[in-house]
Amino acid sequence: MSKETAPPPPKEPGGGAAAPPANTPAVSIREVQTDAAAGRDGNPAAAAGLRVSIVTLGCKINQYEAAAMAEDLESRGYRPFNALVAADFYIINTCTVTGGADFQSRQLIRRAQKLNPRAPVVVTGCYAQTAPHVFTRMPGVAVVAGMGEKNRMAEVIAAAAARPGAGSAAGKAPEVLVTPPTAAADKEAEIPPVSSFPGHTRAFLKIQDGCDAFCSYCIVPYARGRSRSIGAGEVIRRIENLARHGYREVVLTGIHLGAYGADRRDGSTLAGLLRHVERYQPVERLRLSSLEPGEIDDDILAVMSGARIVCPHLHVPLQSGDDAVLKAMGRNYDHAFFRALLEKVTTLRPDMTVGLDVMAGFPGEDEQAFTNTLALISALPVAYLHVFPYSRRPGTAAARMDGQVREEDKKRRTRSLRELDRVKRRRHLERFVGAVLPVLVEGRQHGADGRLRGLSHNYLSVILRNGEGTAVNRIVKAKIEGLAAERTLLGTPVHG
């Protein structure tokens, strides 16, 4: 296999290029099928027999966008289903957060080609946006579609289908439909609504895209452009629509969720959204995805401190507990600020679950810096860690820094952090033994006993015993009796 590298991303105004965070997300697959292929105008009657598979890597935002694609295709006569099978057309929705994610994206294209060598492949997502040339020589690729094309995938498919030989090994060169994300910087956020997430009891709602932070390890601003948000009124309407479709919990998501509304002139703010939800209760639960430390302000905490609808759960990117490393990363806080913030959060809301993102082996992280990170996290009231070994990416600011950490040291530090995660998780779970928690029942465990499983308001996994008569997609009270497993509580429904 030949070595493939992407060109360096453009530099930000301050001179630094962004490198991706070092995690490789798991693959999830969603497929869409129709009995009639869409023509150039997206009309299902224009062709026949086309099967289209959407394969998605990466974050919740990519998952949301894949669901939006599927919903649009379904409205044109397609039928969604989950399984990677031989198809007539593939859409590979890529991620470029690390070199590993890039590799997975290329592997998925090759897997699709093996399943059906004649099937044209559309490559979209962040990797397609930042390095479209990588895909122009890959067999089977008919179209490389940037982020601006995601909302018109039916038209992209139809146009590719109309090109003879598109996607075949001996066919035409791929069509490249990629425009700079900066072209959309001053535009209204184009985020299509999604009303259905098959197989999920919780719905996701993307309300913001893009990022203005330009951390030295992150390529996202170059893939998705500047921060853009949809208006608060539209967000509320979409929450209400999801509730009408039976969803009891809605998770607000965004590339930089804490920046929601900063690009708008209509007064839309995240705290304002939360206050509205608490007052009018359009849904039973509202959960926030990741928020930057500096954006968890007093207005947001005031809502969360006594919230009935907004869940007591925060996921906060720490990345490092060493001030020098944080500065090199381009993070706008130090360890003292972070410690004070988390102590304030958990004092205001004792049942709060706080999770962290932590990176191991960033350039310049020596043993003392890593020890500082371990010491800070050990002292913090946190429930879990998402640990990522730093992944060097060609063309990024971090890749050019001195003090690159050896792979064996990164692996050792990653193991240490994951052991600390194990300890923190158990301690946090044990705090709730004897408590009564509201649990959204999500389904049944795999296996012989088939006990119900669910998620508490504060993001704890709970297995329910004696749950006969308890329906899936209902919020029930559960008395917590102990731990069912290392990461799971055991509870019994409390009726009445």
# chains A, B, ... in the order shown; residues from 1 in each chain; ligands from 1
>>> residues_around(residues="stretch 84-93 of chain A", least_positions_apart="4", cutoff="9 Å", atoms="only C-alpha atoms", output="count of residues only")
39
>>> select_by_dssp(residues="stretch 247-354 of chain A", states="strand (DSSP E)", output="PyMOL selection string")
chain A and resi 249-254+285-288+313-319+353-354
>>> atom_distance(atom1="atom CA of A:His446", atom2="atom CA of A:Lys60")
24.0 Å
>>> select_by_dssp(residues="stretch 101-232 of chain A", states="alpha helix (DSSP H)", output="MDAnalysis selection string")
chainID A and resid 101:115 126:130 153:161 220:224 232
>>> atom_distance(atom1="atom CA of A:Leu437", atom2="atom CA of A:Gly454")
10.9 Å
>>> atom_distance(atom1="atom CA of A:Arg453", atom2="atom CA of A:Asn473")
10.6 Å
>>> residues_around(residues="A:Lys206", least_positions_apart="5", cutoff="12 Å", atoms="only C-alpha atoms", output="PyMOL selection string")
chain A and resi 59-68+189-195+228-231+234-235+238-239+250-257+260+288-289
>>> residues_around(residues="A:Tyr247", least_positions_apart="2", cutoff="8 Å", atoms="only C-alpha atoms", output="ChimeraX atom specification")
/A:201-203,242-245,249-250,283,473
>>> decode(residues="stretch 443-474 of chain A", atoms="N, CA and C atoms", output="PDB file, in the first residue's frame")
ATOM      1  N   GLY A 443     -33.533   0.089  25.751  1.00  0.00           N
ATOM      2  CA  GLY A 443     -33.657  -1.202  25.082  1.00  0.00           C
ATOM      3  C   GLY A 443     -33.293  -2.326  26.025  1.00  0.00           C
ATOM      4  N   ARG A 444     -32.978  -3.481  25.442  1.00  0.00           N
ATOM      5  CA  ARG A 444     -32.601  -4.642  26.240  1.00  0.00           C
ATOM      6  C   ARG A 444     -31.155  -5.029  25.977  1.00  0.00           C
ATOM      7  N   GLN A 445     -30.534  -5.583  26.994  1.00  0.00           N
ATOM      8  CA  GLN A 445     -29.189  -6.114  26.853  1.00  0.00           C
ATOM      9  C   GLN A 445     -29.183  -7.281  25.886  1.00  0.00           C
ATOM     10  N   HIS A 446     -28.069  -7.448  25.220  1.00  0.00           N
ATOM     11  CA  HIS A 446     -27.873  -8.662  24.437  1.00  0.00           C
ATOM     12  C   HIS A 446     -27.537  -9.799  25.395  1.00  0.00           C
ATOM     13  N   GLY A 447     -28.014 -10.957  25.096  1.00  0.00           N
ATOM     14  CA  GLY A 447     -27.703 -12.098  25.943  1.00  0.00           C
ATOM     15  C   GLY A 447     -28.952 -12.769  26.472  1.00  0.00           C
ATOM     16  N   ALA A 448     -28.732 -13.759  27.311  1.00  0.00           N
ATOM     17  CA  ALA A 448     -29.832 -14.615  27.750  1.00  0.00           C
ATOM     18  C   ALA A 448     -30.832 -13.895  28.625  1.00  0.00           C
ATOM     19  N   ASP A 449     -30.342 -13.035  29.556  1.00  0.00           N
ATOM     20  CA  ASP A 449     -31.293 -12.447  30.490  1.00  0.00           C
ATOM     21  C   ASP A 449     -32.117 -11.336  29.858  1.00  0.00           C
ATOM     22  N   GLY A 450     -31.528 -10.615  28.899  1.00  0.00           N
ATOM     23  CA  GLY A 450     -32.275  -9.586  28.193  1.00  0.00           C
ATOM     24  C   GLY A 450     -32.832  -8.501  29.086  1.00  0.00           C
ATOM     25  N   ARG A 451     -32.102  -8.144  30.155  1.00  0.00           N
ATOM     26  CA  ARG A 451     -32.587  -7.110  31.051  1.00  0.00           C
ATOM     27  C   ARG A 451     -32.596  -5.744  30.365  1.00  0.00           C
ATOM     28  N   LEU A 452     -33.485  -4.884  30.827  1.00  0.00           N
ATOM     29  CA  LEU A 452     -33.578  -3.551  30.258  1.00  0.00           C
ATOM     30  C   LEU A 452     -32.353  -2.727  30.628  1.00  0.00           C
ATOM     31  N   ARG A 453     -31.970  -1.846  29.740  1.00  0.00           N
ATOM     32  CA  ARG A 453     -30.853  -0.934  29.994  1.00  0.00           C
ATOM     33  C   ARG A 453     -31.310   0.481  29.682  1.00  0.00           C
ATOM     34  N   GLY A 454     -30.697   1.433  30.340  1.00  0.00           N
ATOM     35  CA  GLY A 454     -31.078   2.815  30.105  1.00  0.00           C
ATOM     36  C   GLY A 454     -30.006   3.786  30.546  1.00  0.00           C
ATOM     37  N   LEU A 455     -30.337   5.076  30.470  1.00  0.00           N
ATOM     38  CA  LEU A 455     -29.397   6.146  30.775  1.00  0.00           C
ATOM     39  C   LEU A 455     -30.053   7.114  31.744  1.00  0.00           C
ATOM     40  N   SER A 456     -29.347   7.420  32.818  1.00  0.00           N
ATOM     41  CA  SER A 456     -29.879   8.351  33.806  1.00  0.00           C
ATOM     42  C   SER A 456     -29.762   9.787  33.319  1.00  0.00           C
ATOM     43  N   HIS A 457     -30.417  10.688  34.034  1.00  0.00           N
ATOM     44  CA  HIS A 457     -30.362  12.097  33.669  1.00  0.00           C
ATOM     45  C   HIS A 457     -28.933  12.620  33.698  1.00  0.00           C
ATOM     46  N   ASN A 458     -28.107  12.078  34.592  1.00  0.00           N
ATOM     47  CA  ASN A 458     -26.720  12.529  34.690  1.00  0.00           C
ATOM     48  C   ASN A 458     -25.736  11.575  34.006  1.00  0.00           C
ATOM     49  N   TYR A 459     -26.213  10.910  32.961  1.00  0.00           N
ATOM     50  CA  TYR A 459     -25.363  10.187  32.015  1.00  0.00           C
ATOM     51  C   TYR A 459     -24.712   8.949  32.611  1.00  0.00           C
ATOM     52  N   LEU A 460     -25.444   8.235  33.444  1.00  0.00           N
ATOM     53  CA  LEU A 460     -24.957   6.980  33.992  1.00  0.00           C
ATOM     54  C   LEU A 460     -25.720   5.827  33.364  1.00  0.00           C
ATOM     55  N   SER A 461     -24.987   4.811  32.918  1.00  0.00           N
ATOM     56  CA  SER A 461     -25.610   3.627  32.337  1.00  0.00           C
ATOM     57  C   SER A 461     -26.190   2.769  33.461  1.00  0.00           C
ATOM     58  N   VAL A 462     -27.453   2.346  33.297  1.00  0.00           N
ATOM     59  CA  VAL A 462     -28.146   1.585  34.334  1.00  0.00           C
ATOM     60  C   VAL A 462     -28.787   0.348  33.722  1.00  0.00           C
ATOM     61  N   ILE A 463     -28.539  -0.803  34.342  1.00  0.00           N
ATOM     62  CA  ILE A 463     -29.235  -2.040  33.996  1.00  0.00           C
ATOM     63  C   ILE A 463     -30.382  -2.216  34.994  1.00  0.00           C
ATOM     64  N   LEU A 464     -31.575  -2.504  34.485  1.00  0.00           N
ATOM     65  CA  LEU A 464     -32.758  -2.648  35.332  1.00  0.00           C
ATOM     66  C   LEU A 464     -33.122  -4.116  35.482  1.00  0.00           C
ATOM     67  N   ARG A 465     -33.249  -4.585  36.706  1.00  0.00           N
ATOM     68  CA  ARG A 465     -33.776  -5.915  36.926  1.00  0.00           C
ATOM     69  C   ARG A 465     -35.210  -5.785  37.434  1.00  0.00           C
ATOM     70  N   ASN A 466     -35.950  -6.846  37.267  1.00  0.00           N
ATOM     71  CA  ASN A 466     -37.383  -6.817  37.607  1.00  0.00           C
ATOM     72  C   ASN A 466     -38.083  -5.703  36.836  1.00  0.00           C
ATOM     73  N   GLY A 467     -37.696  -5.576  35.571  1.00  0.00           N
ATOM     74  CA  GLY A 467     -38.260  -4.497  34.765  1.00  0.00           C
ATOM     75  C   GLY A 467     -39.435  -4.912  33.904  1.00  0.00           C
ATOM     76  N   GLU A 468     -40.032  -6.052  34.205  1.00  0.00           N
ATOM     77  CA  GLU A 468     -41.178  -6.495  33.422  1.00  0.00           C
ATOM     78  C   GLU A 468     -42.279  -5.437  33.505  1.00  0.00           C
ATOM     79  N   GLY A 469     -42.874  -5.178  32.368  1.00  0.00           N
ATOM     80  CA  GLY A 469     -43.933  -4.184  32.321  1.00  0.00           C
ATOM     81  C   GLY A 469     -43.426  -2.771  32.114  1.00  0.00           C
ATOM     82  N   THR A 470     -42.090  -2.607  32.110  1.00  0.00           N
ATOM     83  CA  THR A 470     -41.500  -1.298  31.857  1.00  0.00           C
ATOM     84  C   THR A 470     -41.232  -1.169  30.361  1.00  0.00           C
ATOM     85  N   ALA A 471     -41.745  -0.130  29.758  1.00  0.00           N
ATOM     86  CA  ALA A 471     -41.657   0.020  28.304  1.00  0.00           C
ATOM     87  C   ALA A 471     -40.375   0.738  27.901  1.00  0.00           C
ATOM     88  N   VAL A 472     -39.851   0.364  26.747  1.00  0.00           N
ATOM     89  CA  VAL A 472     -38.729   1.083  26.160  1.00  0.00           C
ATOM     90  C   VAL A 472     -39.194   2.487  25.785  1.00  0.00           C
ATOM     91  N   ASN A 473     -38.273   3.424  25.828  1.00  0.00           N
ATOM     92  CA  ASN A 473     -38.541   4.836  25.544  1.00  0.00           C
ATOM     93  C   ASN A 473     -39.493   5.448  26.570  1.00  0.00           C
ATOM     94  N   ARG A 474     -39.303   5.059  27.822  1.00  0.00           N
ATOM     95  CA  ARG A 474     -40.009   5.682  28.932  1.00  0.00           C
ATOM     96  C   ARG A 474     -38.978   6.068  29.991  1.00  0.00           C
TER      97      ARG A 474
END
